[in-house]
$ cat target05.pdb   # PDB, C-alpha atoms, pLDDT in the B column
ATOM      1  CA  MET A  13      48.639 155.498  44.176  1.00 69.00           C
ATOM      2  CA  GLY A  14      49.733 153.074  41.434  1.00 79.00           C
ATOM      3  CA  LYS A  15      49.371 153.666  37.735  1.00 78.00           C
ATOM      4  CA  ALA A  16      46.279 151.455  37.378  1.00 79.00           C
ATOM      5  CA  SER A  17      44.613 153.061  40.404  1.00 77.00           C
ATOM      6  CA  ARG A  18      45.362 156.503  39.039  1.00 75.00           C
ATOM      7  CA  ARG A  19      43.788 155.597  35.674  1.00 74.00           C
ATOM      8  CA  LYS A  20      40.738 154.155  37.393  1.00 73.00           C
ATOM      9  CA  HIS A  21      40.405 157.280  39.531  1.00 66.00           C
ATOM     10  CA  GLU A  22      40.758 159.538  36.470  1.00 68.00           C
ATOM     11  CA  ARG A  23      38.166 157.491  34.533  1.00 66.00           C
ATOM     12  CA  ARG A  24      35.663 157.674  37.396  1.00 65.00           C
ATOM     13  CA  ARG A  25      36.291 161.421  37.773  1.00 59.00           C
ATOM     14  CA  PHE A  26      35.698 161.888  34.031  1.00 55.00           C
ATOM     15  CA  GLU A  27      32.461 159.892  34.278  1.00 54.00           C
ATOM     16  CA  GLN A  28      31.354 162.053  37.220  1.00 53.00           C
ATOM     17  CA  LEU A  29      32.203 165.272  35.366  1.00 49.00           C
ATOM     18  CA  THR A  30      30.298 163.984  32.342  1.00 49.00           C
ATOM     19  CA  ILE A  31      27.181 163.360  34.442  1.00 47.00           C
ATOM     20  CA  GLU A  32      27.537 166.700  36.256  1.00 51.00           C
ATOM     21  CA  GLY A  33      27.730 168.450  32.863  1.00 51.00           C
ATOM     22  CA  LEU A  34      24.336 167.114  31.792  1.00 51.00           C
ATOM     23  CA  PRO A  35      21.201 169.253  31.978  1.00 51.00           C
ATOM     24  CA  ASP A  36      19.144 168.686  35.158  1.00 53.00           C
ATOM     25  CA  ALA A  37      16.456 166.828  33.192  1.00 51.00           C
ATOM     26  CA  LEU A  38      18.986 164.192  32.147  1.00 49.00           C
ATOM     27  CA  ARG A  39      20.862 163.978  35.446  1.00 47.00           C
ATOM     28  CA  SER A  40      18.502 161.443  36.978  1.00 51.00           C
ATOM     29  CA  GLU A  41      19.092 158.040  38.486  1.00 51.00           C
ATOM     30  CA  GLN A  42      18.266 156.547  35.084  1.00 48.00           C
ATOM     31  CA  VAL A  43      21.384 157.965  33.450  1.00 46.00           C
ATOM     32  CA  ARG A  44      24.328 155.617  33.886  1.00 47.00           C
ATOM     33  CA  ILE A  45      27.559 155.267  31.994  1.00 43.00           C
ATOM     34  CA  ARG A  46      27.727 151.610  31.163  1.00 44.00           C
ATOM     35  CA  ARG A  47      30.800 149.574  30.355  1.00 50.00           C
ATOM     36  CA  GLN A  48      30.593 147.220  27.437  1.00 55.00           C
ATOM     37  CA  HIS A  49      31.580 144.157  29.486  1.00 55.00           C
ATOM     38  CA  SER A  50      30.518 143.881  33.097  1.00 61.00           C
ATOM     39  CA  GLY A  51      32.602 140.835  34.031  1.00 70.00           C
ATOM     40  CA  PRO A  52      36.128 140.760  35.376  1.00 81.00           C
ATOM     41  CA  LYS A  53      38.858 142.700  33.655  1.00 90.00           C
ATOM     42  CA  ILE A  54      40.409 140.656  30.881  1.00 93.00           C
ATOM     43  CA  SER A  55      43.845 140.974  32.501  1.00 93.00           C
ATOM     44  CA  ASP A  56      42.479 139.544  35.773  1.00 93.00           C
ATOM     45  CA  ALA A  57      40.852 136.633  33.952  1.00 94.00           C
ATOM     46  CA  LEU A  58      44.065 135.988  31.994  1.00 95.00           C
ATOM     47  CA  LEU A  59      46.103 135.975  35.210  1.00 93.00           C
ATOM     48  CA  ASP A  60      43.605 133.556  36.738  1.00 95.00           C
ATOM     49  CA  VAL A  61      44.276 131.142  33.874  1.00 95.00           C
ATOM     50  CA  LEU A  62      48.032 131.766  34.032  1.00 94.00           C
ATOM     51  CA  ARG A  63      48.543 131.643  37.822  1.00 93.00           C
ATOM     52  CA  PRO A  64      49.120 127.870  38.346  1.00 95.00           C
ATOM     53  CA  PHE A  65      51.764 127.814  35.614  1.00 95.00           C
ATOM     54  CA  ILE A  66      53.897 130.608  37.084  1.00 91.00           C
ATOM     55  CA  GLU A  67      56.993 129.261  38.773  1.00 89.00           C
ATOM     56  CA  PRO A  68      58.995 131.183  41.392  1.00 85.00           C
ATOM     57  CA  GLY A  69      62.079 132.915  40.053  1.00 86.00           C
ATOM     58  CA  LEU A  70      60.806 133.669  36.548  1.00 87.00           C
ATOM     59  CA  ASN A  71      62.434 136.727  35.039  1.00 88.00           C
ATOM     60  CA  THR A  72      60.433 139.257  33.025  1.00 88.00           C
ATOM     61  CA  GLU A  73      61.313 137.722  29.634  1.00 91.00           C
ATOM     62  CA  GLN A  74      60.228 134.268  30.823  1.00 92.00           C
ATOM     63  CA  MET A  75      57.029 135.757  32.221  1.00 93.00           C
ATOM     64  CA  ARG A  76      56.426 137.538  28.913  1.00 94.00           C
ATOM     65  CA  ALA A  77      56.867 134.247  27.009  1.00 94.00           C
ATOM     66  CA  LEU A  78      54.563 132.371  29.395  1.00 95.00           C
ATOM     67  CA  THR A  79      51.945 135.125  29.133  1.00 96.00           C
ATOM     68  CA  GLU A  80      52.156 135.063  25.335  1.00 95.00           C
ATOM     69  CA  PHE A  81      51.554 131.320  25.476  1.00 93.00           C
ATOM     70  CA  ALA A  82      48.551 131.856  27.772  1.00 96.00           C
ATOM     71  CA  VAL A  83      47.107 134.481  25.387  1.00 96.00           C
ATOM     72  CA  PHE A  84      47.468 131.970  22.536  1.00 94.00           C
ATOM     73  CA  ALA A  85      45.668 129.353  24.660  1.00 95.00           C
ATOM     74  CA  TRP A  86      42.943 131.859  25.624  1.00 96.00           C
ATOM     75  CA  ASN A  87      42.216 132.819  22.020  1.00 94.00           C
ATOM     76  CA  LEU A  88      42.412 129.188  20.921  1.00 93.00           C
ATOM     77  CA  SER A  89      39.840 128.245  23.568  1.00 93.00           C
ATOM     78  CA  LEU A  90      37.333 130.532  21.875  1.00 93.00           C
ATOM     79  CA  GLN A  91      37.330 128.340  18.776  1.00 89.00           C
ATOM     80  CA  PRO A  92      34.444 125.853  18.620  1.00 86.00           C
ATOM     81  CA  ARG A  93      36.761 123.117  17.350  1.00 86.00           C
ATOM     82  CA  ILE A  94      40.527 122.945  17.704  1.00 82.00           C
ATOM     83  CA  ASP A  95      42.453 121.189  14.918  1.00 84.00           C
ATOM     84  CA  ARG A  96      45.421 119.546  16.597  1.00 82.00           C
ATOM     85  CA  ARG A  97      47.498 119.404  13.384  1.00 84.00           C
ATOM     86  CA  THR A  98      47.099 123.121  12.736  1.00 85.00           C
ATOM     87  CA  VAL A  99      48.144 123.937  16.298  1.00 86.00           C
ATOM     88  CA  GLN A 100      51.149 121.592  16.085  1.00 85.00           C
ATOM     89  CA  GLN A 101      52.398 123.569  13.085  1.00 86.00           C
ATOM     90  CA  HIS A 102      53.042 126.484  15.478  1.00 85.00           C
ATOM     91  CA  PHE A 103      55.553 124.265  17.282  1.00 87.00           C
ATOM     92  CA  SER A 104      57.149 122.610  14.231  1.00 87.00           C
ATOM     93  CA  HIS A 105      60.465 124.377  14.895  1.00 91.00           C
ATOM     94  CA  LEU A 106      60.820 122.565  18.250  1.00 89.00           C
ATOM     95  CA  ASP A 107      62.158 119.069  18.832  1.00 93.00           C
ATOM     96  CA  GLU A 108      59.672 116.245  19.465  1.00 92.00           C
ATOM     97  CA  SER A 109      59.820 116.352  23.292  1.00 93.00           C
ATOM     98  CA  MET A 110      59.361 120.141  23.360  1.00 92.00           C
ATOM     99  CA  GLN A 111      56.429 119.862  20.931  1.00 91.00           C
ATOM    100  CA  GLN A 112      54.741 117.354  23.216  1.00 92.00           C
ATOM    101  CA  ALA A 113      55.393 119.467  26.319  1.00 93.00           C
ATOM    102  CA  SER A 114      54.085 122.594  24.548  1.00 92.00           C
ATOM    103  CA  MET A 115      50.939 120.817  23.368  1.00 93.00           C
ATOM    104  CA  ARG A 116      50.344 119.441  26.881  1.00 94.00           C
ATOM    105  CA  LEU A 117      50.776 122.900  28.456  1.00 95.00           C
ATOM    106  CA  LEU A 118      48.552 124.478  25.817  1.00 94.00           C
ATOM    107  CA  GLY A 119      45.865 121.854  26.453  1.00 93.00           C
ATOM    108  CA  GLN A 120      45.999 122.486  30.209  1.00 96.00           C
ATOM    109  CA  MET A 121      45.680 126.247  29.723  1.00 96.00           C
ATOM    110  CA  VAL A 122      42.773 125.883  27.265  1.00 95.00           C
ATOM    111  CA  GLU A 123      41.001 123.532  29.680  1.00 96.00           C
ATOM    112  CA  ARG A 124      41.538 125.910  32.624  1.00 97.00           C
ATOM    113  CA  LYS A 125      40.200 128.873  30.637  1.00 97.00           C
ATOM    114  CA  ARG A 126      37.106 126.917  29.555  1.00 95.00           C
ATOM    115  CA  LYS A 127      36.418 125.711  33.112  1.00 97.00           C
ATOM    116  CA  ARG A 128      37.023 128.968  34.965  1.00 96.00           C
ATOM    117  CA  HIS A 129      35.782 131.498  32.380  1.00 95.00           C
ATOM    118  CA  PRO A 130      33.341 129.670  30.097  1.00 93.00           C
ATOM    119  CA  GLN A 131      31.179 132.733  29.418  1.00 91.00           C
ATOM    120  CA  ASP A 132      34.065 135.075  28.609  1.00 92.00           C
ATOM    121  CA  ARG A 133      34.205 135.119  24.800  1.00 92.00           C
ATOM    122  CA  ARG A 134      36.439 138.186  24.440  1.00 93.00           C
ATOM    123  CA  PRO A 135      39.559 137.537  22.382  1.00 94.00           C
ATOM    124  CA  ILE A 136      42.733 139.077  23.750  1.00 95.00           C
ATOM    125  CA  ALA A 137      44.223 141.540  21.278  1.00 93.00           C
ATOM    126  CA  SER A 138      47.317 142.594  23.192  1.00 94.00           C
ATOM    127  CA  PHE A 139      49.126 142.251  26.484  1.00 94.00           C
ATOM    128  CA  GLN A 140      52.110 143.698  28.294  1.00 94.00           C
ATOM    129  CA  VAL A 141      54.246 142.453  31.140  1.00 93.00           C
ATOM    130  CA  HIS A 142      55.445 145.364  33.255  1.00 91.00           C
ATOM    131  CA  GLU A 143      58.334 145.318  35.686  1.00 85.00           C
ATOM    132  CA  THR A 144      57.866 146.887  39.083  1.00 84.00           C
ATOM    133  CA  ASP A 145      60.472 148.762  41.114  1.00 86.00           C
ATOM    134  CA  ASP A 146      60.810 145.853  43.537  1.00 83.00           C
ATOM    135  CA  GLY A 147      61.803 143.407  40.776  1.00 77.00           C
ATOM    136  CA  GLY A 148      58.349 141.906  40.327  1.00 79.00           C
ATOM    137  CA  TRP A 149      55.960 142.335  37.433  1.00 82.00           C
ATOM    138  CA  TYR A 150      52.310 142.706  36.568  1.00 87.00           C
ATOM    139  CA  VAL A 151      50.332 141.909  33.440  1.00 91.00           C
ATOM    140  CA  THR A 152      47.901 144.094  31.531  1.00 92.00           C
ATOM    141  CA  ALA A 153      45.768 142.846  28.641  1.00 93.00           C
ATOM    142  CA  ALA A 154      43.296 144.348  26.214  1.00 92.00           C
ATOM    143  CA  ALA A 155      40.326 142.570  24.713  1.00 90.00           C
ATOM    144  CA  ALA A 156      39.660 142.942  21.015  1.00 86.00           C
ATOM    145  CA  ALA A 157      36.588 144.935  20.054  1.00 74.00           C
ATOM    146  CA  GLU A 158      33.702 142.921  18.701  1.00 58.00           C
ATOM    147  CA  SER A 159      34.462 142.316  15.055  1.00 49.00           C
ATOM    148  CA  GLN A 160      32.161 143.421  12.266  1.00 41.00           C
ATOM    149  CA  ALA A 161      31.922 139.785  11.152  1.00 42.00           C
ATOM    150  CA  GLU A 162      30.443 138.782  14.529  1.00 48.00           C
ATOM    151  CA  THR A 163      27.955 141.622  14.286  1.00 43.00           C
ATOM    152  CA  ASP A 164      27.067 140.666  10.699  1.00 44.00           C
ATOM    153  CA  ASN A 165      26.638 137.004  11.669  1.00 45.00           C
ATOM    154  CA  ARG A 166      24.184 137.962  14.396  1.00 44.00           C
ATOM    155  CA  ALA A 167      22.144 140.340  12.240  1.00 43.00           C
ATOM    156  CA  PRO A 168      20.493 137.685   9.958  1.00 43.00           C
ATOM    157  CA  ALA A 169      19.488 135.563  12.965  1.00 41.00           C
ATOM    158  CA  GLU A 170      17.939 138.589  14.661  1.00 42.00           C
ATOM    159  CA  ALA A 171      16.172 139.599  11.441  1.00 40.00           C
ATOM    160  CA  SER A 172      14.738 136.110  10.920  1.00 38.00           C
ATOM    161  CA  ALA A 173      13.573 136.001  14.553  1.00 41.00           C
ATOM    162  CA  LYS A 174      11.776 139.332  14.042  1.00 39.00           C
ATOM    163  CA  GLY A 175      10.218 138.026  10.838  1.00 44.00           C
ATOM    164  CA  GLU A 176       8.877 134.959  12.640  1.00 43.00           C
ATOM    165  CA  GLN A 177       7.283 137.130  15.310  1.00 43.00           C
ATOM    166  CA  GLN A 178       5.307 139.172  12.759  1.00 42.00           C
TER     167      GLN A 178
END
$ encode --input "target05.pdb" --output "structure tokens"
Amino acid sequence: MGKASRRKHERRRFEQLTIEGLPDALRSEQVRIRRQHSGPKISDALLDVLRPFIEPGLNTEQMRALTEFAVFAWNLSLQPRIDRRTVQQHFSHLDESMQQASMRLLGQMVERKRKRHPQDRRPIASFQVHETDDGGWYVTAAAAAESQAETDNRAPAEASAKGEQQ
């Protein structure tokens, strides 16, 4: 059993023990432990965006750099409007041809994320590229928790909607 499978098994066992520990009155079909996001794992969605850009023979450092670029593209895709000049500043240390290639790759990744995962609004907070014993690798990623600012921005709209209903 791999590390991820072991964690999944342990999490499910913990959930089962939690339900078994409840009083009989609460141990009904109505009690469910719910995950915050029911879509695909963020690491799976990130790999889906990244997959066509992975070339055979990449070493772990190259894969790490490509994944970091994909995370940047993912988080950038969540912005309602992308200012090209601001993004170009991230590549100002590169020569002109590398800047153009980087901007083109970034644009392709942003477009792929928006097409394949348009409803996934979770920003990626961190990622890791892990080496396997057979010389391969796998990627894990963690989504950022919903920020207080997002919660605060939603609260006035919900309050005004409630006020209109009364």
$ resolve_selection --input "target05.pdb" --expression "the PyMOL selection byres ((chain A and resi 77) around 12)" --output "list in words"
Leu62, Phe65, Ile66, Leu70, Asn71, Thr72, Glu73, Gln74, Met75, Arg76, Leu78, Thr79, Glu80, Phe81, Ala82, Val83, Phe84, Phe139, Gln140, Val141 and Val151 of chain A
$ closest_residue --input "target05.pdb" --among "A:Leu59, A:Gln91, A:Gly69, A:Ala85" --to "Arg133 in chain A" --atoms "all atoms listed in the file"
A:Gln91
$ resolve_selection --input "target05.pdb" --expression "the PyMOL selection byres ((chain A and resi 130) around 12)" --output "list of chain:residue names"
A:Gly51, A:Ala57, A:Val61, A:Trp86, A:Ser89, A:Leu90, A:Val122, A:Glu123, A:Arg124, A:Lys125, A:Arg126, A:Lys127, A:Arg128, A:His129, A:Gln131, A:Asp132, A:Arg133, A:Arg134
$ closest_residue --input "target05.pdb" --among "A:Ala155, A:Ala16, A:Met121, A:Ile54" --to "Leu88 in chain A" --atoms "all atoms listed in the file"
A:Met121
$ closest_residue --input "target05.pdb" --among "A:Tyr150, A:Pro92, A:Leu106, A:Thr98" --to "Arg63 in chain A" --atoms "all atoms listed in the file"
A:Tyr150
$ atom_distance --input "target05.pdb" --atom1 "CA of Gly14 in chain A" --atom2 "CA of Asp56 in chain A"
16.4 Å
$ closest_residue --input "target05.pdb" --among "A:His105, A:Lys15, A:Arg116, A:Arg93" --to "His142 in chain A" --atoms "all atoms listed in the file"
A:Lys15
$ resolve_selection --input "target05.pdb" --expression "the PyMOL selection byres ((chain A and resi 156) around 8)" --output "list in words"
Arg134, Pro135, Ile136, Ala137, Ser138, Ala154, Ala155, Ala157, Glu158 and Ser159 of chain A
$ atom_distance --input "target05.pdb" --atom1 "CA of Pro52 in chain A" --atom2 "CA of Leu117 in chain A"
24.1 Å
$ axis_aligned_box --input "target05.pdb" --around "range 64-81 of chain A" --padding-each-side "5 Å" --output "JSON"
{"center_x": 55.8, "center_y": 133.5, "center_z": 33.4, "size_x": 23.3, "size_y": 21.4, "size_z": 26.1}
$ atom_distance --input "target05.pdb" --atom1 "CA of Arg96 in chain A" --atom2 "CA of Ser114 in chain A"
12.1 Å
$ residues_around --input "target05.pdb" --residues "Val99 in chain A" --least-positions-apart "4" --cutoff "10 Å" --atoms "only C-alpha atoms" --output "list of chain:residue names"
A:Leu88, A:Ile94, A:Asp95, A:Phe103, A:Ser104, A:Met115, A:Leu118
